[in-house]
Amino acid sequence: MEQRITLITLGVTGLARSKAFYEALGWRGQEVQETVFFQAGGLGLVLWGREKLARDSGLAPGTPGGFGGIVLAHNVRSDAEVDELLAAADLAGGTVTKPAVFNEIGFYSGVFTDPDGHAWEVAHNPGLPLAEDGTVTLPDFGAA
């Protein structure tokens, strides 16, 4: 298996509501056959009905809103951008679950959840600088 991710699909309980939430944050997508596709840098973020996604994956749908063991991350270029994005997510109908603070590692971050409980960390981490196109290249962290 090549070391790459091409799509991240979020199971949602209300496609129109979720599409409107991400559009309120400035994302632009395409709706095709009850699925919304957003280009997100070099990968795609997909919104699809939670029950359909579970069935298609051979899994039980579970309870929306509980922690599923995954947090998506969106790095930004400044501490002010962290605050701005958390405020925008709150205004768009998300929930700020962790207000922005300097964490124990030393960078500034906070977390919000979308209307279906999918967690997003918003971080300004100078140790992971963003290229002009928004991509990040992990540094060599050295041998452990």
# chains A, B, ... in the order shown; residues from 1 in each chain; ligands from 1
$ residues_around --residues "A:Ser109" --least-positions-apart "3" --cutoff "9 Å" --atoms "only C-alpha atoms" --output "ChimeraX atom specification"
/A:75,79,82-83,98-103,121-125
$ write_last_selection --atoms "N, CA and C atoms" --output "PDB file, in the first residue's frame"
ATOM      1  N   ASN A  75      -4.250  23.135   9.771  1.00  0.00           N
ATOM      2  CA  ASN A  75      -3.220  24.060  10.231  1.00  0.00           C
ATOM      3  C   ASN A  75      -3.363  25.385   9.489  1.00  0.00           C
ATOM      4  N   ASP A  79      -1.721  32.576  14.906  1.00  0.00           N
ATOM      5  CA  ASP A  79      -2.600  32.365  16.055  1.00  0.00           C
ATOM      6  C   ASP A  79      -3.954  33.042  15.810  1.00  0.00           C
ATOM      7  N   VAL A  82      -6.368  30.929  13.959  1.00  0.00           N
ATOM      8  CA  VAL A  82      -6.983  29.888  14.796  1.00  0.00           C
ATOM      9  C   VAL A  82      -8.248  30.457  15.423  1.00  0.00           C
ATOM     10  N   ASP A  83      -8.119  31.624  16.052  1.00  0.00           N
ATOM     11  CA  ASP A  83      -9.264  32.256  16.713  1.00  0.00           C
ATOM     12  C   ASP A  83     -10.385  32.562  15.723  1.00  0.00           C
ATOM     13  N   LYS A  98     -12.883  22.819  22.490  1.00  0.00           N
ATOM     14  CA  LYS A  98     -11.664  23.214  23.201  1.00  0.00           C
ATOM     15  C   LYS A  98     -11.260  24.588  22.693  1.00  0.00           C
ATOM     16  N   PRO A  99     -11.477  25.627  23.494  1.00  0.00           N
ATOM     17  CA  PRO A  99     -11.035  26.961  23.076  1.00  0.00           C
ATOM     18  C   PRO A  99      -9.524  26.952  22.835  1.00  0.00           C
ATOM     19  N   ALA A 100      -9.070  27.844  21.987  1.00  0.00           N
ATOM     20  CA  ALA A 100      -7.655  27.887  21.627  1.00  0.00           C
ATOM     21  C   ALA A 100      -6.782  28.257  22.820  1.00  0.00           C
ATOM     22  N   VAL A 101      -5.719  27.499  22.981  1.00  0.00           N
ATOM     23  CA  VAL A 101      -4.714  27.727  24.022  1.00  0.00           C
ATOM     24  C   VAL A 101      -3.361  27.280  23.463  1.00  0.00           C
ATOM     25  N   PHE A 102      -2.306  27.707  24.143  1.00  0.00           N
ATOM     26  CA  PHE A 102      -0.996  27.153  23.838  1.00  0.00           C
ATOM     27  C   PHE A 102      -0.918  25.814  24.558  1.00  0.00           C
ATOM     28  N   ASN A 103      -0.768  24.741  23.793  1.00  0.00           N
ATOM     29  CA  ASN A 103      -0.793  23.407  24.392  1.00  0.00           C
ATOM     30  C   ASN A 103       0.554  23.064  25.017  1.00  0.00           C
ATOM     31  N   GLU A 121      -9.254  19.859  14.709  1.00  0.00           N
ATOM     32  CA  GLU A 121      -8.297  20.698  15.421  1.00  0.00           C
ATOM     33  C   GLU A 121      -7.876  21.809  14.468  1.00  0.00           C
ATOM     34  N   VAL A 122      -7.839  23.026  14.967  1.00  0.00           N
ATOM     35  CA  VAL A 122      -7.325  24.162  14.212  1.00  0.00           C
ATOM     36  C   VAL A 122      -6.056  24.594  14.932  1.00  0.00           C
ATOM     37  N   ALA A 123      -4.936  24.597  14.214  1.00  0.00           N
ATOM     38  CA  ALA A 123      -3.659  24.818  14.883  1.00  0.00           C
ATOM     39  C   ALA A 123      -2.745  25.746  14.094  1.00  0.00           C
ATOM     40  N   HIS A 124      -1.988  26.544  14.851  1.00  0.00           N
ATOM     41  CA  HIS A 124      -0.850  27.269  14.285  1.00  0.00           C
ATOM     42  C   HIS A 124       0.384  26.668  14.945  1.00  0.00           C
ATOM     43  N   ASN A 125       1.101  25.865  14.171  1.00  0.00           N
ATOM     44  CA  ASN A 125       2.276  25.176  14.667  1.00  0.00           C
ATOM     45  C   ASN A 125       3.464  25.578  13.797  1.00  0.00           C
TER      46      ASN A 125
END
$ residues_around --residues "A:Gly94" --least-positions-apart "5" --cutoff "9 Å" --atoms "only C-alpha atoms" --output "PyMOL selection string"
chain A and resi 21+86+88-89+112-117
$ closest_residue --among "A:Ala92, A:Ala119, A:Ala73, A:Val111" --to "A:Val136" --atoms "only C-alpha atoms"
A:Ala73
$ residues_around --residues "A:Leu59" --least-positions-apart "5" --cutoff "12 Å" --atoms "only C-alpha atoms" --output "PyMOL selection string"
chain A and resi 11+50-54
$ write_last_selection --atoms "N, CA, C and O atoms" --output "mmCIF file, in the first residue's frame"
data_model
loop_
_atom_site.group_PDB
_atom_site.id
_atom_site.type_symbol
_atom_site.label_atom_id
_atom_site.label_comp_id
_atom_site.auth_asym_id
_atom_site.auth_seq_id
_atom_site.Cartn_x
_atom_site.Cartn_y
_atom_site.Cartn_z
ATOM 1 N N GLY A 11 -19.448 10.560 7.545
ATOM 2 C CA GLY A 11 -20.852 10.148 7.585
ATOM 3 C C GLY A 11 -21.671 11.215 8.282
ATOM 4 O O GLY A 11 -21.363 11.589 9.410
ATOM 5 N N ARG A 50 -24.694 9.028 6.817
ATOM 6 C CA ARG A 50 -24.029 8.184 7.816
ATOM 7 C C ARG A 50 -24.423 6.714 7.686
ATOM 8 O O ARG A 50 -23.570 5.830 7.709
ATOM 9 N N GLU A 51 -25.715 6.442 7.552
ATOM 10 C CA GLU A 51 -26.153 5.042 7.448
ATOM 11 C C GLU A 51 -25.675 4.407 6.147
ATOM 12 O O GLU A 51 -25.283 3.240 6.130
ATOM 13 N N LYS A 52 -25.697 5.170 5.049
ATOM 14 C CA LYS A 52 -25.217 4.637 3.765
ATOM 15 C C LYS A 52 -23.729 4.320 3.843
ATOM 16 O O LYS A 52 -23.274 3.288 3.344
ATOM 17 N N LEU A 53 -22.962 5.221 4.465
ATOM 18 C CA LEU A 53 -21.521 5.006 4.590
ATOM 19 C C LEU A 53 -21.234 3.769 5.444
ATOM 20 O O LEU A 53 -20.399 2.939 5.079
ATOM 21 N N ALA A 54 -21.948 3.632 6.553
ATOM 22 C CA ALA A 54 -21.741 2.462 7.413
ATOM 23 C C ALA A 54 -22.075 1.180 6.661
ATOM 24 O O ALA A 54 -21.285 0.217 6.672
#
$ residues_around --residues "A:His118" --least-positions-apart "4" --cutoff "12 Å" --atoms "only C-alpha atoms" --output "list in words"
Ile8, Thr9, Leu10, Gly11, Val12, Thr13, Ser18, Tyr22, Leu47, Arg50, Pro64, Gly65, Gly66, Phe67, Gly68, Gly69, Ile70, Val71, Leu72, Ala73, Gly94, Thr95, Val96, Thr97, Val111, Phe112, Thr113 and Asp114 of chain A
$ atom_distance --atom1 "atom CA of A:Glu34" --atom2 "atom CA of A:Gly49"
7.8 Å
$ closest_residue --among "A:Ala131, A:Leu15, A:Leu91, A:Ala20" --to "A:Val32" --atoms "only C-alpha atoms"
A:Leu15
$ atom_distance --atom1 "atom CA of A:Leu138" --atom2 "atom CA of A:Gln3"
13.3 Å
$ select_by_dssp --residues "chain A" --states "strand (DSSP E)" --output "PyMOL selection string"
chain A and resi 7-12+29-32+35-40+43-49+71-75+95-102+108-113+119-124
$ write_last_selection --atoms "N, CA and C atoms" --output "compact mmCIF listing (two decimals), in the first residue's frame"
# COMPACT_ATOMS: atom_id res chain seq x y z
N LEU A 7 -9.06 10.23 -0.13
CA LEU A 7 -10.37 10.77 0.26
C LEU A 7 -10.59 10.53 1.75
N ILE A 8 -11.25 11.47 2.40
CA ILE A 8 -11.77 11.29 3.75
C ILE A 8 -13.27 11.49 3.63
N THR A 9 -14.05 10.47 4.02
CA THR A 9 -15.50 10.55 3.92
C THR A 9 -16.08 10.65 5.32
N LEU A 10 -16.89 11.69 5.54
CA LEU A 10 -17.56 11.89 6.81
C LEU A 10 -19.00 11.45 6.68
N GLY A 11 -19.45 10.56 7.55
CA GLY A 11 -20.85 10.15 7.58
C GLY A 11 -21.67 11.21 8.28
N VAL A 12 -22.69 11.72 7.61
CA VAL A 12 -23.50 12.82 8.16
C VAL A 12 -24.96 12.42 8.26
N GLY A 29 -18.12 22.99 -2.76
CA GLY A 29 -18.15 21.60 -3.20
C GLY A 29 -19.17 21.35 -4.28
N GLN A 30 -19.24 20.10 -4.68
CA GLN A 30 -20.19 19.66 -5.70
C GLN A 30 -21.03 18.53 -5.12
N GLU A 31 -22.34 18.63 -5.32
CA GLU A 31 -23.22 17.56 -4.87
C GLU A 31 -23.54 16.66 -6.06
N VAL A 32 -23.26 15.38 -5.88
CA VAL A 32 -23.50 14.38 -6.92
C VAL A 32 -24.12 13.15 -6.26
N THR A 35 -24.25 12.95 -2.45
CA THR A 35 -22.91 12.98 -1.89
C THR A 35 -22.31 14.33 -2.23
N VAL A 36 -21.58 14.93 -1.28
CA VAL A 36 -20.92 16.22 -1.54
C VAL A 36 -19.41 16.00 -1.54
N PHE A 37 -18.76 16.51 -2.57
CA PHE A 37 -17.31 16.38 -2.73
C PHE A 37 -16.67 17.76 -2.64
N PHE A 38 -15.67 17.90 -1.75
CA PHE A 38 -14.88 19.12 -1.62
C PHE A 38 -13.44 18.80 -1.98
N GLN A 39 -12.83 19.62 -2.83
CA GLN A 39 -11.40 19.48 -3.08
C GLN A 39 -10.69 20.12 -1.90
N ALA A 40 -9.81 19.41 -1.25
CA ALA A 40 -9.11 19.91 -0.07
C ALA A 40 -7.61 19.70 -0.28
N LEU A 43 -6.27 16.19 -1.60
CA LEU A 43 -7.20 15.10 -1.33
C LEU A 43 -8.62 15.62 -1.37
N GLY A 44 -9.56 14.71 -1.24
CA GLY A 44 -10.97 15.09 -1.26
C GLY A 44 -11.61 14.81 0.08
N LEU A 45 -12.47 15.74 0.51
CA LEU A 45 -13.32 15.53 1.68
C LEU A 45 -14.72 15.29 1.15
N VAL A 46 -15.32 14.21 1.60
CA VAL A 46 -16.62 13.78 1.08
C VAL A 46 -17.62 13.74 2.23
N LEU A 47 -18.84 14.21 1.98
CA LEU A 47 -19.95 14.09 2.92
C LEU A 47 -20.94 13.11 2.32
N TRP A 48 -21.33 12.11 3.11
CA TRP A 48 -22.26 11.10 2.63
C TRP A 48 -23.13 10.67 3.80
N GLY A 49 -24.33 10.25 3.55
CA GLY A 49 -25.23 9.81 4.60
C GLY A 49 -24.57 8.80 5.52
N VAL A 71 -9.53 12.75 14.82
CA VAL A 71 -9.63 14.21 14.80
C VAL A 71 -8.93 14.68 13.54
N LEU A 72 -9.67 15.40 12.70
CA LEU A 72 -9.07 15.99 11.51
C LEU A 72 -8.33 17.26 11.93
N ALA A 73 -7.30 17.63 11.20
CA ALA A 73 -6.53 18.83 11.56
C ALA A 73 -6.49 19.80 10.40
N HIS A 74 -6.58 21.07 10.75
CA HIS A 74 -6.47 22.15 9.77
C HIS A 74 -5.45 23.14 10.33
N ASN A 75 -4.25 23.14 9.77
CA ASN A 75 -3.22 24.06 10.23
C ASN A 75 -3.36 25.38 9.49
N THR A 95 -19.60 23.39 17.19
CA THR A 95 -19.42 23.54 18.63
C THR A 95 -17.93 23.58 18.93
N VAL A 96 -17.49 24.65 19.59
CA VAL A 96 -16.10 24.72 20.02
C VAL A 96 -15.98 23.86 21.27
N THR A 97 -15.23 22.77 21.15
CA THR A 97 -15.09 21.83 22.26
C THR A 97 -13.83 22.11 23.09
N LYS A 98 -12.88 22.82 22.49
CA LYS A 98 -11.66 23.21 23.20
C LYS A 98 -11.26 24.59 22.69
N PRO A 99 -11.48 25.63 23.49
CA PRO A 99 -11.03 26.96 23.08
C PRO A 99 -9.52 26.95 22.83
N ALA A 100 -9.07 27.84 21.99
CA ALA A 100 -7.66 27.89 21.63
C ALA A 100 -6.78 28.26 22.82
N VAL A 101 -5.72 27.50 22.98
CA VAL A 101 -4.71 27.73 24.02
C VAL A 101 -3.36 27.28 23.46
N PHE A 102 -2.31 27.71 24.14
CA PHE A 102 -1.00 27.15 23.84
C PHE A 102 -0.92 25.81 24.56
N TYR A 108 -0.27 26.83 19.32
CA TYR A 108 -1.60 27.36 19.61
C TYR A 108 -2.65 26.57 18.84
N SER A 109 -3.64 26.02 19.56
CA SER A 109 -4.66 25.24 18.88
C SER A 109 -5.95 25.20 19.69
N GLY A 110 -7.03 24.88 18.98
CA GLY A 110 -8.34 24.67 19.58
C GLY A 110 -9.07 23.64 18.73
N VAL A 111 -10.25 23.22 19.18
CA VAL A 111 -10.99 22.18 18.48
C VAL A 111 -12.46 22.56 18.39
N PHE A 112 -13.06 22.27 17.22
CA PHE A 112 -14.50 22.39 17.06
C PHE A 112 -15.03 21.09 16.48
N THR A 113 -16.33 20.87 16.66
CA THR A 113 -16.98 19.76 15.99
C THR A 113 -18.01 20.31 15.02
N ALA A 119 -14.70 15.94 14.79
CA ALA A 119 -13.79 16.89 15.43
C ALA A 119 -12.73 17.40 14.46
N TRP A 120 -12.49 18.70 14.55
CA TRP A 120 -11.45 19.38 13.77
C TRP A 120 -10.55 20.16 14.72
N GLU A 121 -9.25 19.86 14.71
CA GLU A 121 -8.30 20.70 15.42
C GLU A 121 -7.88 21.81 14.47
N VAL A 122 -7.84 23.03 14.97
CA VAL A 122 -7.33 24.16 14.21
C VAL A 122 -6.06 24.59 14.93
N ALA A 123 -4.94 24.60 14.21
CA ALA A 123 -3.66 24.82 14.88
C ALA A 123 -2.75 25.75 14.09
N HIS A 124 -1.99 26.54 14.85
CA HIS A 124 -0.85 27.27 14.29
C HIS A 124 0.38 26.67 14.95
